[in-house]
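Q: I have a structure here, written as structure tokens, and I will follow up with some questions on it.
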Number of protein chains: 2
Amino acid sequence: MLSSPLWTATAILPARTYYDPRMVTIADVARAAGVSPSTVSYVLSGKRSISETTRRRVHHSIRKLGYRPNAGARALASSRTNVLALVVPMRTDLNVPVVMQFVTATVAEARSYDHDVLLLTADEGPEGLHRVAASALADAIIVMDVEAAEPRVPVLRSLGRPVVLIGVPDDTRDLACVDLDFTAAGSDCVSHLADLGHRDIALIGPSPAVYERGTSYAGRFLRGFEQTAADRGVEAETMACVPTYDGLRDVLDHLLSRRRPVTGLVVHNEAILGPLLSELAKRGKRVPQDISVLAVCPPDLAEAQSVPLSSVDIPATELGRLAVELAMHQLGGLAELDVKLLPPRLTARGSTGPVVA
Amino acid sequence: MLSSPLWTATAILPARTYYDPRMVTIADVARAAGVSPSTVSYVLSGKRSISETTRRRVHHSIRKLGYRPNAGARALASSRTNVLALVVPMRTDLNVPVVMQFVTATVAEARSYDHDVLLLTADEGPEGLHRVAASALADAIIVMDVEAAEPRVPVLRSLGRPVVLIGVPDDTRDLACVDLDFTAAGSDCVSHLADLGHRDIALIGPSPAVYERGTSYAGRFLRGFEQTAADRGVEAETMACVPTYDGLRDVLDHLLSRRRPVTGLVVHNEAILGPLLSELAKRGKRVPQDISVLAVCPPDLAEAQSVPLSSVDIPATELGRLAVELAMHQLGGLAELDVKLLPPRLTARGSTGPVVA
DNA sequence: ACGCCGCGTGTTAGCGATAACTTCCAGGCC
DNA sequence: GGCCTGGAAGTTATCGCTAACACGCGGCGT
């Protein structure tokens, strides 16, 4: 009784069939709609004209059967996967929310082109890029956190697939790049403070490690900052800052004890914004009356501080959008292989004010 | 002269061939090695024994030609994509670094099983799950940020594919779930403070929105917290806290002005840790002499504060690892469809101390 | 009236793997 | 010597879809 035939039949099903959902195929749909498979395919792709009545019947059968094209079969036949590979950095010294914002923007934008996103981490290195390209896992590749002397550039160029870089390496030949115009951003920060009458300012930059590995945006921001400071006759000092309380205290000790203390700070280091404000408060420095603070960070971070910060946006969402768009254009055959820099937008929020004599 | 034949020939190449890398196929390898395609396949999959000499010749040809199996073809023939889908939340009210840590851990672990990760965002909803499952884009699905009354559960159950949830919904039948044991964590926090002599403590929880939408971890933590407080005879108050300065100030105003002010705080809200410490400092409360602070957050966050915080880990990396492992087991046919809760680990770092009478 | 055009569809040859079925051969056993 | 066994490798059907090619038919120009 315990081992009835029915029970046995169920139990001896091989494990692998547990997860083998019987799928509806294009042939099923064609049969149901009384047309040929290719007609169904063409209805879906729109690559040739189909009469209104046929189109309707096909769509009806598709819905009724719940048909979804098999991605593998489609990729095999069309050599298009409808997948974008996105390589995210593994660094702990960059701002994680910004990365995440970029990632989600990329996924959302990819979906709007009917594509999905395959996530790779930078620690797979060039080998990972080869793997994804050569095994036809993705149609195009987007790479974040590009360094000036980016070691992956030669590989990327040889992949035979569209590539979009977020960031600007030294050698951009045949490569599509997008980024914020950090040079202009650095320049705008100085101008903003100079316009308010500041003559002694400082840049608190990212951790020394960031500069040392030649991350391109840090250097470009610095260049814009220093150049414009020189042009405007503003005394400007730059200090890299490790993102810890001790690092920050050292920096402030120095900047505030100078013969002519700084009256304006430009902070290109998201991680220390919160600590910086508490530390300034602790030292009795009011923002902006005693010292102006101008940040480079996403708007929500700027707004979430004890004093809403004037800031230059990091347009992560916009960059994600743009990166996908460029990849799609390349896939469409329109090669715009150049560097696209988004103009910075500076929003004054009250943490910057005129110098009080 | 300007339009030499060569130049013309280059220019009229149709756009679509630009990115059509001629790929090495299994047949190429077989030919080069003097064996049949299936032999190459078997060498790669190890699904039947191959003599040492043939294996070597095949491997040699593979390397020489730089062969990589075409993912689409492989998926079609084997009905295995070697891809895991990962659904990440789109909420702004949860801790982004924790999510990111989880994501990268998942990718890394998936790679160690020779799988890739397809990234989906929760805002695609159940439709997105259907899409990925029915079009055979992924073999299994991992879903983060599960709510108690999780609306996606029925869909997930009907997908016909392995599913792993991060978090614990009310109805876990036939579903694999992993999470931190938040109930135990809440309990441990109370015990830690009670052991130090605290008799008046408070839980500063996540934003009210988190409780309202029934996020399962928040409720479980709260339950453990309150239960153990009752057991230990500790006076315990709970306050949800919107992650802004104003929200935090309101909470502190209340807690510190009580007839018997709290001597210990449990903070289950990463976003306000920094602000909380500055605010306490501003009010002249020393940590831990005047008030103990115990956080629930990743260790690096706990260490990066002005006072290194005693904390209960959020084991994001471990959870990612485990989620992938469970998915793989299901794919292997061993269904362990139950709830796996990781025991909490509390690390004392100096922000908690005995009550001073 | 003839042929040509172009629209709407059907037919079918791949795409590049996998794996079920064969085949071949060398030993061992009776 | 015939027969069975089992290891090693070849043959080929198949996976589901796309797109090149083929076809019939009605209208139109000459």
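A note on labels: chains of the structure tokens are A, B, ... as shown, every chain counts residues from 1, and ligands are counted from 1 in their shown order.
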Tell me the residues of chain D close to chain A, meaning within 8 Å using only C-alpha atoms (C1' of nucleotides), as a compact mmCIF listing (two decimals) with C-alpha atoms (C1' of nucleotides), in the first residue's frame.
A:
```
# COMPACT_ATOMS: atom_id res chain seq x y z
C1' DC D 15 17.50 22.49 -29.22
C1' DG D 16 14.21 27.14 -30.94
C1' DC D 17 14.77 30.81 -33.70
C1' DT D 18 16.16 33.80 -37.75
```
Q: Restrict the distance test to only C-alpha atoms (C1' of nucleotides), flag each residue of chain C within 7 Å of chain B, and return the flagged residues as a PyMOL selection string.
A: chain C and resi 16-18
Q: Mind dumping the selected residues with C-alpha atoms (C1' of nucleotides) as a PDB file, in the first residue's frame?
A:
```
ATOM      1  C1'  DG C  16      27.039  26.051 -32.529  1.00  0.00           C
ATOM      2  C1'  DA C  17      26.636  23.271 -29.095  1.00  0.00           C
ATOM      3  C1'  DT C  18      25.064  18.635 -26.530  1.00  0.00           C
TER       4       DT C  18
END
```
Q: Pick out the residues sitting within 8 Å of Ser51 in chain B, and hand them over as number ranges by chain; count only C-alpha atoms (C1' of nucleotides), and ignore anything fewer than 3 positions along from it in its own chain.
A: B: 54-55; D: 8
Q: Quick one: which residues from chain B are at most 8 Å off chain A, using only C-alpha atoms, as a VMD selection string?
A: chain B and resid 15 to 16 18 to 21 23 67 to 76 81 90 96 to 97 100 104 107 to 108 116 to 121 131 134 to 137 160 to 162 244 to 245 274 to 275 278 282 304 to 306 331 to 334
Q: Near range 309-321 of chain A, within 9 Å and counting only C-alpha atoms (C1' of nucleotides), which residues show up once chain neighbours fewer than 2 positions away are dropped, as number ranges by chain?
A: A: 98-110, 166, 178-180, 185, 188-189, 293-299, 301-307, 323-326, 342, 344-352
Q: Please, which residues of range 211-329 of chain B, numbered as in this document, come out alpha helix (DSSP H) from DSSP, as an NGL selection string?
A: :B and (211-212 or 216-232 or 245-256 or 273-282 or 299-303 or 316-329)
Q: For C1' of DA22 in chain D and C1' of DG3 in chain C, quote the distance in Å rounded to one decimal.
A: 18.4 Å
Q: Taking only range 42-253 of chain A into account, list the residues labelled strand (DSSP E or B) by DSSP (computed from the backbone), as JSON, numbers by chain.
A: {"A": [83, 84, 85, 86, 87, 88, 116, 117, 118, 119, 120, 121, 140, 141, 142, 143, 147, 163, 164, 165, 166, 176, 177, 178, 179, 180, 200, 201, 202, 203, 204, 205, 215, 235, 236, 237, 238, 239, 240]}
Q: For DA20 in chain C, work out the shell of residues within 12 Å, counting only C-alpha atoms (C1' of nucleotides) and skipping chain neighbours fewer than 4 positions away, then give it as a list in words.
A: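 Contacts, with the query itself left out: Ser38 of chain B; DT11, DT12, DA13 and DT14 of chain D.
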Q: Selection from above, all heavy atoms, as a PDB file, in the first residue's frame, can you write it?
A:
```pdb
ATOM      1  N   SER B  38      32.106  16.070 -30.872  1.00  0.00           N
ATOM      2  CA  SER B  38      31.597  15.606 -29.583  1.00  0.00           C
ATOM      3  C   SER B  38      32.737  15.313 -28.618  1.00  0.00           C
ATOM      4  O   SER B  38      32.606  15.521 -27.417  1.00  0.00           O
ATOM      5  CB  SER B  38      30.722  14.372 -29.774  1.00  0.00           C
ATOM      6  OG  SER B  38      31.501  13.276 -30.169  1.00  0.00           O
TER       7      SER B  38
ATOM      8  P    DT D  11      32.775  10.197 -38.155  1.00  0.00           P
ATOM      9  OP1  DT D  11      33.430   9.801 -39.405  1.00  0.00           O
ATOM     10  OP2  DT D  11      32.841  11.603 -37.702  1.00  0.00           O
ATOM     11  O5'  DT D  11      31.255   9.767 -38.264  1.00  0.00           O
ATOM     12  C5'  DT D  11      30.639   9.099 -37.196  1.00  0.00           C
ATOM     13  C4'  DT D  11      29.151   8.926 -37.508  1.00  0.00           C
ATOM     14  O4'  DT D  11      28.442   9.025 -36.247  1.00  0.00           O
ATOM     15  C3'  DT D  11      28.514  10.008 -38.383  1.00  0.00           C
ATOM     16  O3'  DT D  11      27.358   9.447 -38.995  1.00  0.00           O
ATOM     17  C2'  DT D  11      28.207  11.081 -37.374  1.00  0.00           C
ATOM     18  C1'  DT D  11      27.742  10.260 -36.165  1.00  0.00           C
ATOM     19  N1   DT D  11      28.078  10.851 -34.831  1.00  0.00           N
ATOM     20  C2   DT D  11      27.164  10.726 -33.813  1.00  0.00           C
ATOM     21  O2   DT D  11      26.098  10.159 -33.937  1.00  0.00           O
ATOM     22  N3   DT D  11      27.554  11.278 -32.620  1.00  0.00           N
ATOM     23  C4   DT D  11      28.741  11.951 -32.359  1.00  0.00           C
ATOM     24  O4   DT D  11      28.977  12.391 -31.253  1.00  0.00           O
ATOM     25  C5   DT D  11      29.647  12.055 -33.484  1.00  0.00           C
ATOM     26  C7   DT D  11      30.948  12.763 -33.307  1.00  0.00           C
ATOM     27  C6   DT D  11      29.278  11.501 -34.652  1.00  0.00           C
ATOM     28  P    DT D  12      26.417  10.300 -39.961  1.00  0.00           P
ATOM     29  OP1  DT D  12      25.695   9.313 -40.792  1.00  0.00           O
ATOM     30  OP2  DT D  12      27.163  11.414 -40.573  1.00  0.00           O
ATOM     31  O5'  DT D  12      25.366  10.919 -38.921  1.00  0.00           O
ATOM     32  C5'  DT D  12      24.546  10.044 -38.162  1.00  0.00           C
ATOM     33  C4'  DT D  12      23.596  10.840 -37.286  1.00  0.00           C
ATOM     34  O4'  DT D  12      24.281  11.388 -36.134  1.00  0.00           O
ATOM     35  C3'  DT D  12      22.936  12.035 -37.979  1.00  0.00           C
ATOM     36  O3'  DT D  12      21.635  12.140 -37.464  1.00  0.00           O
ATOM     37  C2'  DT D  12      23.758  13.211 -37.485  1.00  0.00           C
ATOM     38  C1'  DT D  12      23.961  12.764 -36.038  1.00  0.00           C
ATOM     39  N1   DT D  12      25.060  13.420 -35.309  1.00  0.00           N
ATOM     40  C2   DT D  12      24.954  13.549 -33.944  1.00  0.00           C
ATOM     41  O2   DT D  12      24.007  13.141 -33.316  1.00  0.00           O
ATOM     42  N3   DT D  12      26.011  14.163 -33.350  1.00  0.00           N
ATOM     43  C4   DT D  12      27.144  14.671 -33.968  1.00  0.00           C
ATOM     44  O4   DT D  12      28.028  15.204 -33.319  1.00  0.00           O
ATOM     45  C5   DT D  12      27.189  14.502 -35.406  1.00  0.00           C
ATOM     46  C7   DT D  12      28.360  15.005 -36.169  1.00  0.00           C
ATOM     47  C6   DT D  12      26.155  13.894 -35.999  1.00  0.00           C
ATOM     48  P    DA D  13      20.429  12.494 -38.477  1.00  0.00           P
ATOM     49  OP1  DA D  13      20.182  11.298 -39.298  1.00  0.00           O
ATOM     50  OP2  DA D  13      20.670  13.804 -39.108  1.00  0.00           O
ATOM     51  O5'  DA D  13      19.240  12.627 -37.420  1.00  0.00           O
ATOM     52  C5'  DA D  13      19.130  11.655 -36.388  1.00  0.00           C
ATOM     53  C4'  DA D  13      18.567  12.305 -35.139  1.00  0.00           C
ATOM     54  O4'  DA D  13      19.615  13.002 -34.412  1.00  0.00           O
ATOM     55  C3'  DA D  13      17.500  13.350 -35.409  1.00  0.00           C
ATOM     56  O3'  DA D  13      16.564  13.290 -34.343  1.00  0.00           O
ATOM     57  C2'  DA D  13      18.271  14.668 -35.400  1.00  0.00           C
ATOM     58  C1'  DA D  13      19.344  14.391 -34.356  1.00  0.00           C
ATOM     59  N9   DA D  13      20.614  15.081 -34.578  1.00  0.00           N
ATOM     60  C8   DA D  13      21.244  15.317 -35.767  1.00  0.00           C
ATOM     61  N7   DA D  13      22.394  15.954 -35.645  1.00  0.00           N
ATOM     62  C5   DA D  13      22.524  16.134 -34.274  1.00  0.00           C
ATOM     63  C6   DA D  13      23.522  16.742 -33.486  1.00  0.00           C
ATOM     64  N6   DA D  13      24.621  17.283 -33.985  1.00  0.00           N
ATOM     65  N1   DA D  13      23.329  16.753 -32.146  1.00  0.00           N
ATOM     66  C2   DA D  13      22.219  16.192 -31.641  1.00  0.00           C
ATOM     67  N3   DA D  13      21.217  15.587 -32.278  1.00  0.00           N
ATOM     68  C4   DA D  13      21.433  15.604 -33.605  1.00  0.00           C
ATOM     69  P    DT D  14      15.262  14.169 -34.427  1.00  0.00           P
ATOM     70  OP1  DT D  14      14.191  13.405 -33.771  1.00  0.00           O
ATOM     71  OP2  DT D  14      15.086  14.739 -35.784  1.00  0.00           O
ATOM     72  O5'  DT D  14      15.701  15.343 -33.449  1.00  0.00           O
ATOM     73  C5'  DT D  14      16.236  15.017 -32.179  1.00  0.00           C
ATOM     74  C4'  DT D  14      16.613  16.279 -31.447  1.00  0.00           C
ATOM     75  O4'  DT D  14      17.946  16.686 -31.841  1.00  0.00           O
ATOM     76  C3'  DT D  14      15.702  17.469 -31.728  1.00  0.00           C
ATOM     77  O3'  DT D  14      15.077  17.845 -30.514  1.00  0.00           O
ATOM     78  C2'  DT D  14      16.622  18.554 -32.278  1.00  0.00           C
ATOM     79  C1'  DT D  14      17.999  18.106 -31.817  1.00  0.00           C
ATOM     80  N1   DT D  14      19.129  18.502 -32.679  1.00  0.00           N
ATOM     81  C2   DT D  14      20.268  19.002 -32.086  1.00  0.00           C
ATOM     82  O2   DT D  14      20.390  19.127 -30.891  1.00  0.00           O
ATOM     83  N3   DT D  14      21.265  19.353 -32.959  1.00  0.00           N
ATOM     84  C4   DT D  14      21.232  19.254 -34.340  1.00  0.00           C
ATOM     85  O4   DT D  14      22.190  19.604 -35.010  1.00  0.00           O
ATOM     86  C5   DT D  14      20.014  18.718 -34.893  1.00  0.00           C
ATOM     87  C7   DT D  14      19.868  18.587 -36.360  1.00  0.00           C
ATOM     88  C6   DT D  14      19.031  18.372 -34.046  1.00  0.00           C
TER      89       DT D  14
END
```
Q: Find the spatial neighbours of Phe225 in chain B, counting only C-alpha atoms (C1' of nucleotides), within a cut-off of 10 Å - ignore same-chain residues fewer than 4 positions away - and output them as a list of chain:residue names.
A: B:Phe182, B:Thr183, B:Ala184, B:Ala185, B:Gly186, B:Ser187, B:Asp188, B:Cys189, B:Val190, B:Ser191, B:Ala202, B:Leu203, B:Gly219, B:Arg220, B:Phe221, B:Ala229, B:Ala230, B:Ala236, B:Glu237, B:Thr238, B:Val266
